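File shown: coords_4.csv (CSV, C-alpha atoms).
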```csv
chain,number,residue,atom,x,y,z
Q,1073,MET,CA,267.0,84.7,188.3
Q,1074,ASN,CA,264.8,85.5,191.2
Q,1075,PRO,CA,262.2,82.7,191.6
Q,1076,GLY,CA,260.1,84.9,193.8
Q,1077,ARG,CA,259.3,87.5,191.2
Q,1078,CYS,CA,255.6,88.2,190.5
Q,1079,ALA,CA,254.2,87.6,187.0
Q,1080,ALA,CA,254.4,91.3,186.2
Q,1081,CYS,CA,258.0,91.7,187.0
Q,1082,ARG,CA,258.9,88.5,185.2
Q,1083,HIS,CA,257.1,89.7,182.1
Q,1084,LEU,CA,258.7,93.2,182.4
Q,1085,ARG,CA,262.1,91.6,183.1
Q,1086,ARG,CA,262.9,93.6,186.1
Q,1087,LYS,CA,263.6,93.1,189.7
Q,1088,CYS,CA,260.6,92.5,191.9
Q,1089,PRO,CA,260.9,94.7,195.0
Q,1090,PRO,CA,259.3,93.5,198.3
Q,1091,ASP,CA,256.7,96.2,198.1
Q,1092,CYS,CA,255.8,95.5,194.4
Q,1093,ILE,CA,252.2,96.5,193.9
Q,1094,PHE,CA,251.6,93.6,191.5
Q,1095,ILE,CA,252.7,90.8,193.8
Q,1096,PRO,CA,249.4,90.0,195.6
Q,1097,HIS,CA,247.4,90.1,192.3
Q,1098,PHE,CA,249.6,88.6,189.7
Q,1099,PRO,CA,251.2,85.4,191.1
Q,1100,PRO,CA,254.0,83.9,189.0
Q,1101,ASN,CA,252.1,80.7,188.4
Q,1102,VAL,CA,249.5,82.5,186.3
Q,1103,PRO,CA,251.5,84.6,183.9
Q,1104,GLN,CA,248.6,85.0,181.4
Q,1105,LEU,CA,246.7,87.3,183.7
Q,1106,PHE,CA,249.3,90.0,183.6
Q,1107,VAL,CA,250.1,89.5,179.9
Q,1108,SER,CA,246.5,90.3,179.0
Q,1109,VAL,CA,246.2,93.2,181.4
Q,1110,HIS,CA,249.5,94.7,180.2
Q,1111,ARG,CA,248.5,94.3,176.6
Q,1112,ILE,CA,245.2,96.3,177.1
Q,1113,TYR,CA,246.0,98.7,179.8
Q,1114,GLY,CA,249.7,98.8,180.2
Q,1115,ALA,CA,251.6,98.1,183.4
Q,1116,SER,CA,251.9,101.7,184.5
Q,1117,ASN,CA,248.2,102.4,184.1
Q,1118,VAL,CA,247.4,99.3,186.1
Q,1119,ALA,CA,249.8,100.4,188.8
Q,1120,LYS,CA,248.3,103.8,188.9
Q,1121,LEU,CA,244.7,102.4,189.1
Q,1122,LEU,CA,245.7,100.1,191.9
Q,1123,GLN,CA,247.6,102.7,193.9
Q,1124,GLN,CA,244.7,105.0,194.1
Q,1125,LEU,CA,242.6,102.3,195.8
Q,1126,PRO,CA,242.6,101.2,199.4
Q,1127,LEU,CA,244.4,97.9,200.0
Q,1128,HIS,CA,241.3,95.9,200.6
Q,1129,LEU,CA,239.8,96.8,197.3
Q,1130,ARG,CA,242.8,96.1,195.1
Q,1131,ALA,CA,242.2,92.4,194.7
Q,1132,ASP,CA,238.7,93.0,193.2
Q,1133,ALA,CA,240.0,95.8,191.0
Q,1134,ALA,CA,242.8,93.6,189.7
Q,1135,GLU,CA,240.4,90.8,189.0
Q,1136,SER,CA,237.9,93.0,187.2
Q,1137,LEU,CA,240.7,94.5,185.1
Q,1138,CYS,CA,241.9,91.0,184.2
Q,1139,LEU,CA,238.3,90.1,183.2
Q,1140,GLU,CA,237.9,93.2,181.1
Q,1141,ALA,CA,241.2,92.7,179.4
Q,1142,GLN,CA,240.3,89.1,178.5
Q,1143,TYR,CA,237.0,90.2,177.1
Q,1144,ARG,CA,238.8,92.8,175.0
Q,1145,ILE,CA,241.3,90.4,173.7
Q,1146,GLU,CA,238.6,87.9,172.7
Q,1147,ASP,CA,236.5,90.7,171.2
Q,1148,PRO,CA,238.7,93.6,170.1
Q,1149,VAL,CA,235.8,95.6,168.8
Q,1150,TYR,CA,233.2,95.5,171.7
Q,1151,GLY,CA,235.1,93.9,174.6
Q,1152,CYS,CA,232.9,93.4,177.6
Q,1153,VAL,CA,230.4,95.9,176.3
Q,1154,GLY,CA,229.3,93.3,173.8
Q,1155,LEU,CA,228.5,91.0,176.7
Q,1156,ILE,CA,226.5,93.8,178.4
Q,1157,SER,CA,224.6,94.3,175.2
Q,1158,LEU,CA,223.8,90.6,175.0
Q,1159,LEU,CA,222.6,90.5,178.6
Q,1160,GLN,CA,220.4,93.5,178.1
Q,1161,GLN,CA,218.9,91.8,175.0
Q,1162,GLN,CA,218.3,88.6,177.0
Q,1163,ILE,CA,216.6,90.5,179.7
Q,1164,LEU,CA,214.4,92.2,177.2
Q,1165,ASP,CA,213.5,88.9,175.6
Q,1166,ALA,CA,212.8,87.4,179.0
Q,1167,GLU,CA,210.6,90.3,180.0
Q,1168,LYS,CA,208.6,89.9,176.8
Q,1169,GLN,CA,208.2,86.2,177.4
Q,1170,LEU,CA,207.2,86.8,181.0
Q,1171,ALA,CA,204.6,89.4,180.0
Q,1172,LYS,CA,203.1,87.0,177.4
Q,1173,THR,CA,202.9,84.2,179.9
Q,1174,ARG,CA,201.3,86.4,182.5
Q,1175,ALA,CA,198.8,87.6,179.9
Q,1176,GLU,CA,197.9,84.0,179.1
Q,1177,ILE,CA,197.5,83.2,182.8
Q,1178,ALA,CA,195.2,86.3,183.2
Q,1179,PHE,CA,193.2,85.2,180.2
Q,1180,LEU,CA,192.8,81.6,181.6
Q,1181,LYS,CA,191.8,83.0,185.0
Q,1182,SER,CA,189.2,85.2,183.5
Q,1183,GLN,CA,187.8,82.3,181.4
Q,1184,ALA,CA,187.7,80.1,184.5
Q,1185,ALA,CA,185.9,82.8,186.4
Q,1186,GLN,CA,183.3,83.2,183.6
Q,1187,HIS,CA,182.8,79.6,182.9
Q,1188,PRO,CA,183.5,77.5,186.0
Q,1189,GLN,CA,181.4,74.6,184.8
Q,1190,ALA,CA,183.3,74.3,181.6
Q,1191,ALA,CA,186.5,74.6,183.5
Q,1192,ALA,CA,185.5,71.8,185.8
Q,1193,LEU,CA,184.6,69.6,182.8
Q,1194,ARG,CA,187.9,70.3,181.2
Q,1195,GLY,CA,189.6,69.2,184.4
Q,1196,ASN,CA,187.7,65.9,184.3
Q,1197,LEU,CA,188.7,65.3,180.7
Q,1198,SER,CA,192.3,65.9,181.4
Q,1199,ASP,CA,192.3,63.3,184.1
Q,1200,ASN,CA,191.4,60.7,181.5
Q,1201,ALA,CA,193.7,61.6,178.6
Q,1202,ALA,CA,196.8,63.6,178.0
Q,1203,ASP,CA,195.9,67.0,176.8
Q,1204,LEU,CA,198.0,66.8,173.6
Q,1205,SER,CA,196.6,70.0,172.1
Q,1206,PHE,CA,197.8,72.0,175.1
Q,1207,SER,CA,201.2,70.4,175.0
Q,1208,ASP,CA,201.6,71.4,171.4
Q,1209,HIS,CA,200.3,74.9,172.2
Q,1210,HIS,CA,202.8,75.2,175.1
Q,1211,GLN,CA,205.7,74.0,173.1
Q,1212,SER,CA,204.9,76.4,170.3
Q,1213,PHE,CA,204.3,79.2,172.8
Q,1214,CYS,CA,207.6,78.5,174.5
Q,1215,GLY,CA,209.1,78.4,171.3
H,1277,MET,CA,212.6,108.1,160.0
H,1278,GLY,CA,213.2,106.6,163.4
H,1279,ASP,CA,212.9,108.7,166.5
H,1280,ILE,CA,216.0,109.5,168.5
H,1281,PRO,CA,215.6,107.7,171.8
H,1282,THR,CA,214.9,110.0,174.7
H,1283,SER,CA,214.7,107.5,177.5
H,1284,PRO,CA,217.6,105.4,178.9
H,1285,ASP,CA,217.4,102.4,176.6
H,1286,ILE,CA,219.6,99.7,175.3
H,1287,ILE,CA,221.7,101.4,172.7
H,1288,PHE,CA,224.7,99.2,172.0
H,1289,ARG,CA,223.9,96.5,169.6
H,1290,CYS,CA,224.7,92.9,170.3
H,1291,LYS,CA,228.0,91.4,169.4
H,1292,GLY,CA,228.1,90.6,165.7
H,1293,SER,CA,225.8,93.5,164.9
H,1294,PRO,CA,228.2,96.4,164.2
H,1295,LEU,CA,227.2,99.7,165.5
H,1296,ALA,CA,228.0,101.2,162.2
H,1297,ALA,CA,225.4,99.1,160.5
H,1298,ALA,CA,222.9,100.1,163.2
H,1299,ILE,CA,223.6,103.7,162.7
H,1300,LYS,CA,223.0,103.5,159.0
H,1301,SER,CA,219.7,101.8,159.6
H,1302,ALA,CA,219.0,104.2,162.4
H,1303,GLY,CA,218.1,106.8,159.9
H,1304,ILE,CA,215.3,104.6,158.6
H,1305,SER,CA,214.1,102.9,161.7
H,1306,PHE,CA,215.7,102.0,165.0
H,1307,PRO,CA,213.2,100.2,167.1
H,1308,LEU,CA,214.6,100.7,170.5
H,1309,PRO,CA,212.9,99.3,173.6
H,1310,LYS,CA,211.0,101.9,175.4
H,1311,SER,CA,211.0,100.2,178.8
H,1312,GLY,CA,213.0,101.8,181.5
H,1313,LEU,CA,215.7,99.2,181.8
H,1314,ILE,CA,218.4,97.5,183.4
H,1315,LEU,CA,221.2,100.0,183.3
H,1316,VAL,CA,219.5,102.8,185.1
H,1317,GLY,CA,220.9,106.2,185.9
H,1318,GLU,CA,224.3,107.3,184.8
H,1319,GLN,CA,225.5,104.2,183.1
H,1320,THR,CA,222.5,104.1,180.8
H,1321,ASN,CA,223.0,107.8,180.2
H,1322,ILE,CA,226.6,107.1,179.2
H,1323,LEU,CA,225.3,104.6,176.6
H,1324,LEU,CA,222.6,107.0,175.5
H,1325,LYS,CA,225.0,109.9,175.2
H,1326,HIS,CA,227.3,108.0,173.0
H,1327,THR,CA,224.6,106.9,170.7
H,1328,GLN,CA,222.7,110.1,170.7
H,1329,LEU,CA,225.8,111.8,169.5
H,1330,ILE,CA,226.1,109.3,166.7
H,1331,HIS,CA,222.4,109.8,165.8
H,1332,LEU,CA,222.7,113.5,165.9
H,1333,ARG,CA,225.6,113.4,163.6
H,1334,GLY,CA,223.4,111.5,161.2
H,1335,LYS,CA,225.7,109.4,159.1
H,1336,VAL,CA,229.1,108.9,160.6
H,1337,LYS,CA,230.9,112.1,160.1
H,1338,MET,CA,234.6,111.9,160.1
H,1339,ALA,CA,236.1,114.9,162.0
H,1340,SER,CA,239.3,115.7,160.4
H,1341,SER,CA,241.8,118.2,161.4
H,1342,SER,CA,242.4,119.1,157.8
H,1343,SER,CA,238.8,119.9,157.3
H,1344,TYR,CA,238.2,121.8,160.4
H,1345,ASN,CA,241.7,123.3,161.0
H,1346,SER,CA,241.4,122.2,164.6
H,1347,PRO,CA,243.3,119.4,166.3
H,1348,CYS,CA,241.4,116.4,167.5
H,1349,ALA,CA,240.8,116.0,171.2
H,1350,ALA,CA,243.6,113.5,171.4
H,1351,CYS,CA,246.3,115.7,169.8
H,1352,LYS,CA,245.1,118.6,171.9
H,1353,LEU,CA,245.5,116.6,175.1
H,1354,LEU,CA,248.8,115.2,173.9
H,1355,ARG,CA,250.0,118.6,172.8
H,1356,ARG,CA,251.1,117.5,169.4
H,1357,LYS,CA,250.3,118.5,165.8
H,1358,CYS,CA,247.3,116.7,164.5
H,1359,MET,CA,248.4,115.4,161.2
H,1360,PRO,CA,245.9,114.7,158.3
H,1361,GLY,CA,246.1,110.9,158.8
H,1362,CYS,CA,245.7,111.0,162.6
H,1363,ILE,CA,244.2,107.8,163.7
H,1364,PHE,CA,242.3,109.5,166.6
H,1365,ALA,CA,240.9,112.4,164.6
H,1366,PRO,CA,237.7,110.6,163.3
H,1367,TYR,CA,236.7,109.4,166.7
H,1368,PHE,CA,237.8,112.0,169.1
H,1369,PRO,CA,236.5,115.3,167.9
H,1370,PRO,CA,237.6,118.5,169.7
H,1371,GLU,CA,234.1,119.1,171.0
H,1372,GLU,CA,234.3,116.0,173.2
H,1373,PRO,CA,237.5,116.3,175.1
H,1374,GLN,CA,236.4,114.2,178.1
H,1375,LYS,CA,236.0,111.1,175.9
H,1376,PHE,CA,239.7,111.0,175.1
H,1377,VAL,CA,240.7,112.1,178.6
H,1378,ASN,CA,239.0,109.0,180.0
H,1379,VAL,CA,240.3,106.7,177.4
H,1380,HIS,CA,243.8,108.0,177.8
H,1381,LYS,CA,243.7,107.7,181.6
H,1382,ILE,CA,242.6,104.1,181.5
H,1383,PHE,CA,244.1,102.6,178.4
H,1384,GLY,CA,246.8,105.1,177.3
H,1385,ALA,CA,247.1,106.6,173.9
H,1386,SER,CA,249.7,104.1,172.6
H,1387,ASN,CA,247.6,101.1,173.6
H,1388,VAL,CA,244.5,102.6,171.9
H,1389,THR,CA,246.6,103.2,168.8
H,1390,LYS,CA,247.7,99.6,168.8
H,1391,LEU,CA,244.2,98.3,169.3
H,1392,LEU,CA,242.8,100.4,166.5
H,1393,ASN,CA,245.6,99.5,164.1
H,1394,GLU,CA,244.7,95.8,164.6
H,1395,LEU,CA,241.1,96.5,163.4
H,1396,LEU,CA,239.6,97.2,160.1
H,1397,PRO,CA,238.6,100.8,159.5
H,1398,HIS,CA,234.9,100.1,159.6
H,1399,GLN,CA,235.3,98.5,163.1
H,1400,ARG,CA,237.2,101.3,164.6
H,1401,GLU,CA,234.3,103.6,165.6
H,1402,ASP,CA,232.5,100.9,167.5
H,1403,ALA,CA,235.7,99.9,169.1
H,1404,VAL,CA,236.4,103.5,170.2
H,1405,ASN,CA,232.9,103.9,171.5
H,1406,SER,CA,233.2,100.7,173.5
H,1407,LEU,CA,236.6,101.7,174.9
H,1408,ALA,CA,235.2,105.1,175.8
H,1409,PHE,CA,232.3,103.4,177.6
H,1410,GLU,CA,234.6,101.1,179.5
H,1411,ALA,CA,236.9,103.9,180.4
H,1412,GLU,CA,234.1,106.0,181.7
H,1413,ALA,CA,232.7,103.1,183.7
H,1414,ARG,CA,236.2,102.5,185.2
H,1415,VAL,CA,236.6,106.2,186.0
H,1416,ARG,CA,233.3,106.2,187.9
H,1417,ASP,CA,233.9,102.8,189.5
H,1418,PRO,CA,237.6,102.2,189.8
H,1419,VAL,CA,237.1,98.8,191.4
H,1420,TYR,CA,234.6,97.1,189.2
H,1421,GLY,CA,234.2,99.2,186.1
H,1422,CYS,CA,232.0,97.4,183.6
H,1423,VAL,CA,232.2,94.1,185.4
H,1424,GLY,CA,229.9,95.7,188.0
H,1425,ALA,CA,227.3,96.1,185.3
H,1426,ILE,CA,227.8,92.6,184.0
H,1427,THR,CA,227.3,91.2,187.5
H,1428,PHE,CA,224.1,93.2,188.0
H,1429,LEU,CA,222.7,92.2,184.6
H,1430,GLN,CA,223.4,88.5,185.2
H,1431,ARG,CA,221.5,88.7,188.5
H,1432,GLN,CA,218.6,90.3,186.6
H,1433,VAL,CA,218.7,87.4,184.1
H,1434,GLN,CA,218.7,84.8,186.9
H,1435,LYS,CA,215.8,86.6,188.6
H,1436,LEU,CA,213.8,86.7,185.4
H,1437,GLN,CA,214.5,83.1,184.7
H,1438,LYS,CA,213.1,82.1,188.0
H,1439,GLU,CA,210.0,84.3,187.5
H,1440,LEU,CA,209.5,82.8,184.0
H,1441,ASP,CA,209.8,79.3,185.3
H,1442,ALA,CA,207.2,80.1,188.0
H,1443,ALA,CA,204.9,81.7,185.5
H,1444,ASN,CA,205.1,78.8,183.1
H,1445,ALA,CA,204.4,76.4,185.9
H,1446,ASP,CA,201.3,78.5,186.8
H,1447,LEU,CA,200.3,78.5,183.2
H,1448,ILE,CA,200.4,74.8,183.0
H,1449,ARG,CA,198.4,74.6,186.2
H,1450,PHE,CA,195.7,76.9,185.0
H,1451,ALA,CA,195.5,75.4,181.6
H,1452,CYS,CA,195.0,71.9,183.0
H,1453,ASN,CA,192.6,73.3,185.5
H,1454,ASP,CA,194.5,73.1,188.7
H,1455,ILE,CA,196.8,70.1,188.7
H,1456,PRO,CA,197.2,68.9,192.3
H,1457,THR,CA,199.9,70.8,194.1
H,1458,ALA,CA,201.7,67.6,194.9
H,1459,LEU,CA,203.0,67.4,191.4
H,1460,PRO,CA,206.5,68.8,191.0
H,1461,GLN,CA,206.8,72.0,189.0
H,1462,ALA,CA,208.7,71.4,185.8
H,1463,PRO,CA,212.0,73.1,186.1
H,1464,GLY,CA,213.4,75.2,183.3
H,1465,THR,CA,210.2,75.0,181.3
H,1466,SER,CA,210.9,78.2,179.6
H,1467,SER,CA,212.9,78.3,176.4
H,1468,PHE,CA,214.8,81.3,177.7
H,1469,GLN,CA,218.4,80.3,178.4
H,1470,PRO,CA,220.5,82.7,180.3
H,1471,LEU,CA,224.0,83.4,179.2
H,1472,THR,CA,226.3,81.0,181.0
H,1473,PRO,CA,229.0,83.0,182.7
H,1474,ARG,CA,232.6,82.0,182.3
H,1475,ASN,CA,233.8,80.1,185.3
H,1476,ARG,CA,236.1,82.9,186.2
H,1477,LEU,CA,233.4,85.6,186.1
H,1478,ALA,CA,231.0,83.3,188.0
H,1479,GLU,CA,233.5,82.8,190.7
H,1480,PHE,CA,234.2,86.5,190.8
H,1481,ASN,CA,230.5,87.3,191.0
H,1482,ARG,CA,229.9,84.8,193.8
H,1483,ARG,CA,232.7,86.4,195.8
H,1484,ILE,CA,231.6,90.0,195.4
H,1485,GLY,CA,228.0,89.0,195.9
H,1486,ASN,CA,228.7,87.2,199.1
H,1487,GLU,CA,230.8,90.0,200.5
H,1488,GLY,CA,228.0,92.5,199.7
H,1489,GLY,CA,230.2,94.4,197.3
H,1490,GLY,CA,229.3,95.3,193.8
H,1491,PHE,CA,230.5,98.8,193.2
H,1492,TYR,CA,232.9,101.3,194.6
H,1493,GLN,CA,232.4,105.0,194.3
H,1494,VAL,CA,235.3,107.3,194.4
H,1495,PRO,CA,234.8,109.1,197.7
H,1496,GLY,CA,233.5,112.6,197.2
H,1497,ALA,CA,234.0,112.5,193.4
H,1498,LEU,CA,230.4,112.3,192.3
H,1499,PRO,CA,227.2,113.8,193.6
H,1500,TYR,CA,225.1,110.7,192.8
H,1501,SER,CA,225.1,107.1,193.9
H,1502,PHE,CA,226.2,104.5,191.5
H,1503,PRO,CA,222.9,102.9,190.4
H,1504,TRP,CA,223.8,99.3,189.6
H,1505,ASN,CA,221.6,97.9,192.3
H,1506,ASP,CA,218.8,100.4,192.1
H,1507,ALA,CA,216.7,99.1,189.2
H,1508,SER,CA,213.1,99.1,190.2
H,1509,PRO,CA,211.2,95.9,189.6
H,1510,GLY,CA,208.5,98.1,188.2
H,1511,ASP,CA,210.7,98.9,185.2
H,1512,ILE,CA,210.5,95.3,184.1
H,1513,ASN,CA,206.8,95.5,183.4
H,1514,ASP,CA,207.0,98.4,180.9
H,1515,GLY,CA,206.4,97.0,177.5
H,1516,GLY,CA,208.2,98.0,174.4
H,1517,GLU,CA,209.7,96.9,171.2
H,1518,GLY,CA,213.2,95.4,171.4
H,1519,GLY,CA,216.0,94.7,169.1
H,1520,MET,CA,216.4,95.5,165.5
```
Kindly transcribe the structure held in the file into structure tokens.
Amino acid sequence: MNPGRCAACRHLRRKCPPDCIFIPHFPPNVPQLFVSVHRIYGASNVAKLLQQLPLHLRADAAESLCLEAQYRIEDPVYGCVGLISLLQQQILDAEKQLAKTRAEIAFLKSQAAQHPQAAALRGNLSDNAADLSFSDHHQSFCG
Amino acid sequence: MGDIPTSPDIIFRCKGSPLAAAIKSAGISFPLPKSGLILVGEQTNILLKHTQLIHLRGKVKMASSSSYNSPCAACKLLRRKCMPGCIFAPYFPPEEPQKFVNVHKIFGASNVTKLLNELLPHQREDAVNSLAFEAEARVRDPVYGCVGAITFLQRQVQKLQKELDAANADLIRFACNDIPTALPQAPGTSSFQPLTPRNRLAEFNRRIGNEGGGFYQVPGALPYSFPWNDASPGDINDGGEGGM
């Protein structure tokens, strides 16, 4: 048994040639990486994908393939597309929240511009006591 | 009846919300966000294309070689007889040959068969569409594939988180009528929690971010630039309904 075989050749139970395309990206101490990639893509597809890339890009490609394969194993229906969808939804929610907050700020600014004396009075009052009603409002606003 | 989306919008439903259920409800109402969004350009069009095809078909139509006397796209490519129980036939109609070409190139027909056989029948369409999406993303960006999109979206999430924190701090300041600026801003005052990336993805993102990479375009293959980093901040401010 050749102790220098990469994880791919170990899994495939074959000799690991010196120019094996998998050696740099699937070290023998992390066998699970190749197992997941082989399960989803197949060794020959991965080899073809890596071969068509310049050398300096293969590490990133192998790593992204591993990530996608792991996502697909964890979620066989949606894979990493489920994560993309989740992130998009989070972004939508954040945009809405941001728009609401900015609208509130604009409203308060306009109020302060229209009633500067009232705003100054409010400021004096808040120096003396905690503004509990605002805290409640903010908590419920933030949700 | 809901309108078929005409702008690049979020189409794929969240995990746990099967696309099939979304399609069924799409006939009634499918409140999609109208804002020009995160996945701009071609990637969004890929999502849009898949879902528009589903919408245009109305309810899920099962293309069957026995009904149409025409082999499915998979059997055509594989040059074999398309049997009545062909597992690919419902999802790879002959009118969409490129879909299977991409899936076969990246995953291979036998791997797709195994994946589909492990799923329940009602899950298979969503699985095929997500595989087709991943395959197309990988064809267009052989280095990063979908991970490029994930990286880009996570950066957007972080950017929005910062903006939201700053806006909430401003809100508190205005509401209390200008708290002295010496007071520290409350960090993380928003209730919005970004998705925590897995350690591996986070490390990968840091590495490709630092090295300035993020996508790789097949030289000379496409007439357009890959748009992951081209989202205009102005798009964020378009309002719209989101989710279902």
What lies within 10 Å of Ala1350 (chain H) using only C-alpha atoms, ignoring chain neighbours under 2 positions off, as a PyMOL selection string? chain H and resi 1347-1348+1352-1356+1358+1362-1365+1367-1370+1372-1377+1379-1380+1385
Can you tell me how far CA of Gln1399 (chain H) sits from CA of Val1149 (chain Q), in Å to one decimal?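 A separation of 6.4 Å between them.
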Point-to-point distance in Å for CA of Lys1357 (chain H) and CA of Glu1412 (chain H):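 Taking CA of Glu1412 (chain H) as the start and CA of Lys1357 (chain H) as the end point, the length is 25.9 Å.
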Write out as a ChimeraX atom specification every residue belonging to chain Q that has an atom at most 6 Å from any atom of chain H, counting only C-alpha atoms. /Q:1113,1133,1136,1149-1150,1154,1156-1158,1163,1170,1177,1195,1214
Could you please take those selected residues and save C-alpha atoms as a JSON list (two decimals), in the frame of the given file?
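So part04.json came out as:
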```
[["chain", "number", "residue", "atom", "x", "y", "z"],
["Q", 1113, "TYR", "CA", 246.00, 98.70, 179.80],
["Q", 1133, "ALA", "CA", 240.00, 95.80, 191.00],
["Q", 1136, "SER", "CA", 237.90, 93.00, 187.20],
["Q", 1149, "VAL", "CA", 235.80, 95.60, 168.80],
["Q", 1150, "TYR", "CA", 233.20, 95.50, 171.70],
["Q", 1154, "GLY", "CA", 229.30, 93.30, 173.80],
["Q", 1156, "ILE", "CA", 226.50, 93.80, 178.40],
["Q", 1157, "SER", "CA", 224.60, 94.30, 175.20],
["Q", 1158, "LEU", "CA", 223.80, 90.60, 175.00],
["Q", 1163, "ILE", "CA", 216.60, 90.50, 179.70],
["Q", 1170, "LEU", "CA", 207.20, 86.80, 181.00],
["Q", 1177, "ILE", "CA", 197.50, 83.20, 182.80],
["Q", 1195, "GLY", "CA", 189.60, 69.20, 184.40],
["Q", 1214, "CYS", "CA", 207.60, 78.50, 174.50]]
```
Point-to-point distance in Å for CA of Glu1167 (chain Q) and CA of Leu1139 (chain Q):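 According to the coordinates, CA of Leu1139 (chain Q) and CA of Glu1167 (chain Q) are separated by 27.9 Å.
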Could you give me, as an MDAnalysis selection string, the residues within 8 Å of His1097 (chain Q), counting all atoms listed in the file and dropping anything in the same chain fewer than 6 positions from it? chainID Q and resid 1131 1134:1135
Top pick for closest residue to Ala1119 (chain Q), considering Q:Ala1166, Q:Phe1098, Q:Glu1140, Q:Ala1184 and counting all atoms listed in the file: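 Between Q:Ala1166, Q:Phe1098, Q:Glu1140, Q:Ala1184, the residue approaching Ala1119 (chain Q) most closely is Q:Phe1098.
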